[in-house]
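> My structure file query35.pdb, PDB, C-alpha atoms, is below:
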```pdb
ATOM      1  CA  MET A   1     112.481  68.645 106.382  1.00  0.00           C
ATOM      2  CA  ASN A   2     114.287  68.413 103.067  1.00  0.00           C
ATOM      3  CA  LYS A   3     115.589  71.659 101.687  1.00  0.00           C
ATOM      4  CA  ARG A   4     113.415  72.802  98.824  1.00  0.00           C
ATOM      5  CA  SER A   5     114.523  75.263  96.167  1.00  0.00           C
ATOM      6  CA  TYR A   6     113.390  77.600  93.420  1.00  0.00           C
ATOM      7  CA  SER A   7     115.585  75.719  90.938  1.00  0.00           C
ATOM      8  CA  GLU A   8     113.582  72.531  91.679  1.00  0.00           C
ATOM      9  CA  LEU A   9     110.258  74.378  91.821  1.00  0.00           C
ATOM     10  CA  ILE A  10     110.517  75.868  88.328  1.00  0.00           C
ATOM     11  CA  ARG A  11     110.862  72.366  86.849  1.00  0.00           C
ATOM     12  CA  ILE A  12     107.366  71.553  88.147  1.00  0.00           C
ATOM     13  CA  PRO A  13     104.928  72.316  85.305  1.00  0.00           C
ATOM     14  CA  THR A  14     101.582  73.191  86.915  1.00  0.00           C
ATOM     15  CA  PHE A  15     100.442  75.670  89.519  1.00  0.00           C
ATOM     16  CA  MET A  16      98.796  73.024  91.744  1.00  0.00           C
ATOM     17  CA  GLU A  17     101.888  70.809  91.663  1.00  0.00           C
ATOM     18  CA  ARG A  18     104.030  73.808  92.640  1.00  0.00           C
ATOM     19  CA  TYR A  19     101.568  74.638  95.411  1.00  0.00           C
ATOM     20  CA  ARG A  20     101.784  71.066  96.775  1.00  0.00           C
ATOM     21  CA  TYR A  21     105.597  71.242  96.657  1.00  0.00           C
ATOM     22  CA  LEU A  22     105.526  74.420  98.790  1.00  0.00           C
ATOM     23  CA  GLN A  23     102.621  73.564 101.132  1.00  0.00           C
ATOM     24  CA  LEU A  24     103.531  73.872 104.837  1.00  0.00           C
ATOM     25  CA  HIS A  25     100.354  72.675 106.629  1.00  0.00           C
ATOM     26  CA  GLY A  26     100.519  75.363 109.325  1.00  0.00           C
ATOM     27  CA  ILE A  27      97.697  76.240 111.690  1.00  0.00           C
ATOM     28  CA  VAL A  28      95.916  79.607 111.565  1.00  0.00           C
ATOM     29  CA  GLY A  29      96.678  81.523 114.746  1.00  0.00           C
ATOM     30  CA  ASP A  30      99.965  79.741 115.480  1.00  0.00           C
ATOM     31  CA  SER A  31     102.519  82.264 116.680  1.00  0.00           C
ATOM     32  CA  THR A  32     105.356  82.643 114.197  1.00  0.00           C
ATOM     33  CA  PHE A  33     107.618  85.046 116.070  1.00  0.00           C
ATOM     34  CA  GLY A  34     105.388  86.103 118.979  1.00  0.00           C
ATOM     35  CA  PHE A  35     106.846  89.057 120.876  1.00  0.00           C
ATOM     36  CA  ASP A  36     109.955  88.906 118.664  1.00  0.00           C
ATOM     37  CA  ARG A  37     107.971  89.846 115.544  1.00  0.00           C
ATOM     38  CA  TYR A  38     109.762  93.219 115.493  1.00  0.00           C
ATOM     39  CA  ILE A  39     112.897  91.349 114.346  1.00  0.00           C
ATOM     40  CA  ASN A  40     111.429  90.058 111.109  1.00  0.00           C
ATOM     41  CA  GLN A  41     109.596  93.354 110.547  1.00  0.00           C
ATOM     42  CA  ALA A  42     112.935  95.189 110.686  1.00  0.00           C
ATOM     43  CA  PHE A  43     114.292  92.716 108.128  1.00  0.00           C
ATOM     44  CA  TYR A  44     111.353  93.193 105.742  1.00  0.00           C
ATOM     45  CA  THR A  45     111.733  96.985 105.794  1.00  0.00           C
ATOM     46  CA  SER A  46     115.511  96.953 105.229  1.00  0.00           C
ATOM     47  CA  SER A  47     117.026  98.256 101.991  1.00  0.00           C
ATOM     48  CA  VAL A  48     118.777  94.897 101.473  1.00  0.00           C
ATOM     49  CA  TRP A  49     115.418  93.074 101.534  1.00  0.00           C
ATOM     50  CA  ARG A  50     113.720  95.663  99.314  1.00  0.00           C
ATOM     51  CA  GLN A  51     116.421  95.301  96.642  1.00  0.00           C
ATOM     52  CA  LEU A  52     116.276  91.509  96.853  1.00  0.00           C
ATOM     53  CA  ARG A  53     112.468  91.599  96.663  1.00  0.00           C
ATOM     54  CA  SER A  54     112.660  93.703  93.490  1.00  0.00           C
ATOM     55  CA  ARG A  55     115.063  91.202  91.871  1.00  0.00           C
ATOM     56  CA  ILE A  56     112.707  88.306  92.670  1.00  0.00           C
ATOM     57  CA  ILE A  57     109.695  90.148  91.211  1.00  0.00           C
ATOM     58  CA  VAL A  58     111.640  90.836  87.997  1.00  0.00           C
ATOM     59  CA  ARG A  59     112.893  87.224  87.816  1.00  0.00           C
ATOM     60  CA  ASP A  60     109.365  85.792  88.274  1.00  0.00           C
ATOM     61  CA  GLU A  61     107.835  88.554  86.113  1.00  0.00           C
ATOM     62  CA  GLY A  62     105.381  89.276  88.945  1.00  0.00           C
ATOM     63  CA  CYS A  63     103.629  85.936  88.393  1.00  0.00           C
ATOM     64  CA  ASP A  64     102.148  83.675  91.063  1.00  0.00           C
ATOM     65  CA  LEU A  65     104.581  80.837  91.850  1.00  0.00           C
ATOM     66  CA  GLY A  66     106.552  81.953  88.792  1.00  0.00           C
ATOM     67  CA  ILE A  67     103.906  80.561  86.377  1.00  0.00           C
ATOM     68  CA  PRO A  68     104.028  82.869  83.316  1.00  0.00           C
ATOM     69  CA  ASP A  69     100.270  83.018  82.674  1.00  0.00           C
ATOM     70  CA  ARG A  70      99.380  83.800  86.315  1.00  0.00           C
ATOM     71  CA  PRO A  71     100.201  87.514  86.814  1.00  0.00           C
ATOM     72  CA  ILE A  72      99.577  88.831  90.323  1.00  0.00           C
ATOM     73  CA  GLY A  73      97.093  91.693  90.146  1.00  0.00           C
ATOM     74  CA  GLY A  74      97.524  92.988  93.688  1.00  0.00           C
ATOM     75  CA  THR A  75     100.281  93.012  96.265  1.00  0.00           C
ATOM     76  CA  ILE A  76     103.136  90.648  95.490  1.00  0.00           C
ATOM     77  CA  TYR A  77     104.369  88.584  98.436  1.00  0.00           C
ATOM     78  CA  ILE A  78     107.847  87.114  98.410  1.00  0.00           C
ATOM     79  CA  HIS A  79     107.670  83.695 100.051  1.00  0.00           C
ATOM     80  CA  HIS A  80     110.638  81.932 101.669  1.00  0.00           C
ATOM     81  CA  ILE A  81     110.428  78.425 100.214  1.00  0.00           C
ATOM     82  CA  ASN A  82     112.100  76.971 103.306  1.00  0.00           C
ATOM     83  CA  PRO A  83     110.452  78.503 106.393  1.00  0.00           C
ATOM     84  CA  ILE A  84     112.394  81.105 108.323  1.00  0.00           C
ATOM     85  CA  THR A  85     112.962  81.028 112.073  1.00  0.00           C
ATOM     86  CA  LEU A  86     113.952  83.503 114.772  1.00  0.00           C
ATOM     87  CA  GLU A  87     117.372  81.837 114.965  1.00  0.00           C
ATOM     88  CA  MET A  88     117.961  82.567 111.290  1.00  0.00           C
ATOM     89  CA  PHE A  89     117.555  86.299 111.968  1.00  0.00           C
ATOM     90  CA  GLU A  90     119.810  86.097 115.027  1.00  0.00           C
ATOM     91  CA  ASP A  91     122.513  84.293 113.008  1.00  0.00           C
ATOM     92  CA  ASP A  92     121.970  86.394 109.865  1.00  0.00           C
ATOM     93  CA  ASP A  93     121.566  83.086 108.018  1.00  0.00           C
ATOM     94  CA  PRO A  94     122.391  83.361 104.283  1.00  0.00           C
ATOM     95  CA  LEU A  95     119.183  81.415 103.507  1.00  0.00           C
ATOM     96  CA  LEU A  96     117.255  84.609 104.353  1.00  0.00           C
ATOM     97  CA  TYR A  97     118.796  86.252 101.269  1.00  0.00           C
ATOM     98  CA  ASP A  98     119.151  83.215  98.987  1.00  0.00           C
ATOM     99  CA  GLU A  99     117.316  83.834  95.706  1.00  0.00           C
ATOM    100  CA  ASP A 100     116.957  80.049  95.339  1.00  0.00           C
ATOM    101  CA  ASN A 101     114.808  80.167  98.511  1.00  0.00           C
ATOM    102  CA  LEU A 102     112.378  82.852  97.287  1.00  0.00           C
ATOM    103  CA  ILE A 103     109.291  82.911  95.041  1.00  0.00           C
ATOM    104  CA  CYS A 104     106.566  85.436  94.156  1.00  0.00           C
ATOM    105  CA  THR A 105     103.078  84.666  95.441  1.00  0.00           C
ATOM    106  CA  SER A 106      99.747  86.407  95.677  1.00  0.00           C
ATOM    107  CA  ARG A 107      98.310  86.994  99.148  1.00  0.00           C
ATOM    108  CA  ASP A 108      95.841  84.119  98.769  1.00  0.00           C
ATOM    109  CA  THR A 109      98.470  81.689  97.477  1.00  0.00           C
ATOM    110  CA  HIS A 110     100.763  82.668 100.355  1.00  0.00           C
ATOM    111  CA  GLN A 111      97.981  82.010 102.886  1.00  0.00           C
ATOM    112  CA  ALA A 112      97.161  78.679 101.218  1.00  0.00           C
ATOM    113  CA  ILE A 113     100.833  77.606 101.336  1.00  0.00           C
ATOM    114  CA  HIS A 114     101.067  78.358 105.047  1.00  0.00           C
ATOM    115  CA  TYR A 115      97.650  77.150 106.183  1.00  0.00           C
ATOM    116  CA  GLY A 116      96.535  74.635 103.539  1.00  0.00           C
ATOM    117  CA  ASP A 117      93.322  76.395 102.519  1.00  0.00           C
ATOM    118  CA  THR A 118      93.049  75.398  98.853  1.00  0.00           C
ATOM    119  CA  SER A 119      89.745  77.270  98.516  1.00  0.00           C
ATOM    120  CA  LEU A 120      91.884  80.431  98.268  1.00  0.00           C
ATOM    121  CA  LEU A 121      93.563  79.226  95.088  1.00  0.00           C
ATOM    122  CA  ILE A 122      92.461  80.108  91.577  1.00  0.00           C
ATOM    123  CA  PRO A 123      92.252  76.839  89.615  1.00  0.00           C
ATOM    124  CA  ASP A 124      94.324  76.275  86.497  1.00  0.00           C
ATOM    125  CA  TYR A 125      92.875  77.780  83.343  1.00  0.00           C
ATOM    126  CA  SER A 126      90.949  75.353  81.116  1.00  0.00           C
ATOM    127  CA  PRO A 127      90.656  76.619  77.546  1.00  0.00           C
ATOM    128  CA  ARG A 128      87.302  76.379  75.803  1.00  0.00           C
ATOM    129  CA  THR A 129      87.030  73.988  72.878  1.00  0.00           C
ATOM    130  CA  PRO A 130      84.683  73.806  69.877  1.00  0.00           C
ATOM    131  CA  GLY A 131      81.407  72.177  70.899  1.00  0.00           C
ATOM    132  CA  ASP A 132      82.021  72.879  74.585  1.00  0.00           C
ATOM    133  CA  THR A 133      78.618  73.758  76.030  1.00  0.00           C
ATOM    134  CA  LYS A 134      79.617  73.806  79.694  1.00  0.00           C
ATOM    135  CA  LEU A 135      79.186  77.223  81.229  1.00  0.00           C
ATOM    136  CA  TRP A 136      81.920  78.508  83.452  1.00  0.00           C
TER     137      TRP A 136
END
```
Would you put the structure from the file into structure tokens?


Amino acid sequence: MNKRSYSELIRIPTFMERYRYLQLHGIVGDSTFGFDRYINQAFYTSSVWRQLRSRIIVRDEGCDLGIPDRPIGGTIYIHHINPITLEMFEDDDPLLYDEDNLICTSRDTHQAIHYGDTSLLIPDYSPRTPGDTKLW
């Protein structure tokens, strides 16, 4: 897999194009870390991660996929653009902490990225125009 990055992602103009760039095509129920899940849970509760998470939220202004007009109303998830592995935790891989590998997402967007369920996504906003009689 080619390494993807935040610096490339922010050049993509629309939410759906950014979603397609990030999409992983995983399968619901696939084990990510199995019995070793405690390792990534320790990482996500560390002070280093919490500080990094705060920086990413400020950078993306709490917006879904960093799109300015898509504020996240609930819990903000910080998504690793390039998937993380157990080996990365064991090796303390710098990619775990690389701000160019992180993006803010909503819960539904995060699930859609991992499992490809586009029904979870809120479509792009279409402004109303004079004479537009189509109801929402």

> Between A:Asn40, A:Ser7, A:Gln23, A:Ser46, which one has atoms that come closest to A:Ile113, using all atoms listed in the file?

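Using all atoms listed in the file, A:Ile113 sits closest to A:Gln23.
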
> Determine the residue membership of the PyMOL selection byres ((chain A and resi 81) around 7) for the file above and supply it as JSON, numbers by chain.

{"A": [4, 5, 22, 79, 80, 82, 83, 101, 102, 103]}

> Using only C-alpha atoms, pick whichever of A:Cys104, A:Asp92, A:Tyr6, A:Arg20 has the shortest atom-to-atom distance to A:Val58.

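Nearest to A:Val58: A:Cys104.
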
> For A:Phe43, which residue out of A:Asp124, A:Leu96, A:Ser119, A:Ile10 is the nearest one, using only C-alpha atoms?

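Using only C-alpha atoms, A:Phe43 sits closest to A:Leu96.
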
> Which residue out of A:Glu8, A:Tyr19, A:Thr105, A:Leu120 has the minimum interatomic distance to A:Arg70 when all atoms listed in the file are used?

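Answer, going by the shortest atom-to-atom distance: A:Thr105.
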
> Can you tell me which residues surround A:Arg59 at a distance of at most 12 Å, considering only C-alpha atoms, apart from same-chain residues fewer than 3 positions away, and format the answer as a VMD selection string?

chain A and resid 6 10 52 to 56 62 to 68 78 99 to 100 102 to 104

> One decimal, in Å: what's the spacing between atom CA of A:Ala112 and atom CA of A:Gly26?

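Distance between the two atoms: 9.4 Å.
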
> Please define a box with edges along x, y and z of the file around all atoms of stretch 56-68 of chain A given in the file, extend it by 3 Å on each side, and return its centre and edge lengths in Å to one decimal, as AutoDock Vina command-line options.


```
--center_x 107.5 --center_y 85.7 --center_z 88.0 --size_x 16.7 --size_y 16.3 --size_z 15.4
```

> Just stretch 38-129 of chain A, please, as a short mmCIF file (atom, residue, chain, number, x, y, z; two decimals), in the first residue's frame (only C-alpha atoms).


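As a result, decode.cif now contains:
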```cif
data_model
loop_
_atom_site.label_atom_id
_atom_site.label_comp_id
_atom_site.auth_asym_id
_atom_site.auth_seq_id
_atom_site.Cartn_x
_atom_site.Cartn_y
_atom_site.Cartn_z
CA TYR A 38 -4.59 -4.04 25.63
CA ILE A 39 -1.46 -2.72 23.86
CA ASN A 40 -3.26 -0.19 21.71
CA GLN A 41 -5.61 0.69 24.58
CA ALA A 42 -2.58 1.60 26.72
CA PHE A 43 -1.34 3.79 23.87
CA TYR A 44 -4.68 5.60 23.47
CA THR A 45 -4.83 6.43 27.19
CA SER A 46 -1.24 7.71 27.40
CA SER A 47 -0.49 11.38 28.05
CA VAL A 48 1.61 11.50 24.86
CA TRP A 49 -1.40 10.40 22.78
CA ARG A 50 -3.80 12.75 24.59
CA GLN A 51 -1.56 15.75 23.88
CA LEU A 52 -1.13 14.72 20.25
CA ARG A 53 -4.89 14.18 19.91
CA SER A 54 -5.53 17.70 21.22
CA ARG A 55 -3.11 19.19 18.66
CA ILE A 56 -4.86 17.35 15.82
CA ILE A 57 -8.30 18.55 16.95
CA VAL A 58 -7.04 22.15 17.06
CA ARG A 59 -5.34 21.80 13.65
CA ASP A 60 -8.50 20.37 12.02
CA GLU A 61 -10.75 22.72 14.03
CA GLY A 62 -12.77 19.69 15.15
CA CYS A 63 -14.10 19.16 11.62
CA ASP A 64 -14.78 15.84 9.91
CA LEU A 65 -11.87 14.96 7.59
CA GLY A 66 -10.62 18.51 8.15
CA ILE A 67 -13.41 20.01 5.97
CA PRO A 68 -14.13 23.45 7.50
CA ASP A 69 -17.93 23.36 7.12
CA ARG A 70 -18.29 19.87 8.64
CA PRO A 71 -17.93 20.34 12.43
CA ILE A 72 -18.14 17.14 14.46
CA GLY A 73 -21.00 17.43 16.94
CA GLY A 74 -20.16 14.40 19.07
CA THR A 75 -17.04 12.47 19.97
CA ILE A 76 -14.06 13.27 17.79
CA TYR A 77 -12.07 10.25 16.61
CA ILE A 78 -8.47 10.65 15.53
CA HIS A 79 -7.88 8.32 12.59
CA HIS A 80 -4.47 6.97 11.56
CA ILE A 81 -4.42 7.58 7.80
CA ASN A 82 -2.07 4.64 7.29
CA PRO A 83 -3.37 1.69 9.33
CA ILE A 84 -1.52 0.77 12.50
CA THR A 85 -0.32 -2.73 13.36
CA LEU A 86 0.74 -4.59 16.48
CA GLU A 87 4.35 -4.46 15.26
CA MET A 88 4.20 -0.67 15.16
CA PHE A 89 3.39 -0.61 18.89
CA GLU A 90 6.14 -3.14 19.63
CA ASP A 91 8.69 -1.06 17.69
CA ASP A 92 7.33 2.29 18.92
CA ASP A 93 7.10 3.28 15.25
CA PRO A 94 7.24 7.07 14.72
CA LEU A 95 4.25 6.77 12.34
CA LEU A 96 2.06 6.27 15.44
CA TYR A 97 2.81 9.87 16.45
CA ASP A 98 3.21 11.48 13.02
CA GLU A 99 0.78 14.39 12.66
CA ASP A 100 0.90 13.87 8.88
CA ASN A 101 -0.68 10.44 9.53
CA LEU A 102 -3.64 11.70 11.59
CA ILE A 103 -7.03 13.26 10.82
CA CYS A 104 -10.20 14.11 12.78
CA THR A 105 -13.28 12.04 11.99
CA SER A 106 -16.73 11.53 13.39
CA ARG A 107 -17.63 8.05 14.63
CA ASP A 108 -19.70 7.32 11.52
CA THR A 109 -17.01 8.55 9.13
CA HIS A 110 -14.43 6.46 10.98
CA GLN A 111 -16.62 3.35 10.66
CA ALA A 112 -17.23 4.08 6.97
CA ILE A 113 -13.48 4.46 6.32
CA HIS A 114 -12.73 1.11 7.94
CA TYR A 115 -15.70 -0.90 6.70
CA GLY A 116 -16.88 0.87 3.54
CA ASP A 117 -20.44 1.60 4.68
CA THR A 118 -21.18 4.84 2.83
CA SER A 119 -24.72 4.92 4.23
CA LEU A 120 -23.12 6.24 7.44
CA LEU A 121 -21.85 9.36 5.70
CA ILE A 122 -23.64 12.69 5.62
CA PRO A 123 -23.71 13.84 1.97
CA ASP A 124 -22.13 17.11 0.90
CA TYR A 125 -24.29 20.16 1.47
CA SER A 126 -26.20 21.40 -1.59
CA PRO A 127 -27.26 25.03 -1.23
CA ARG A 128 -30.80 25.99 -2.21
CA THR A 129 -31.21 28.23 -5.23
#
```
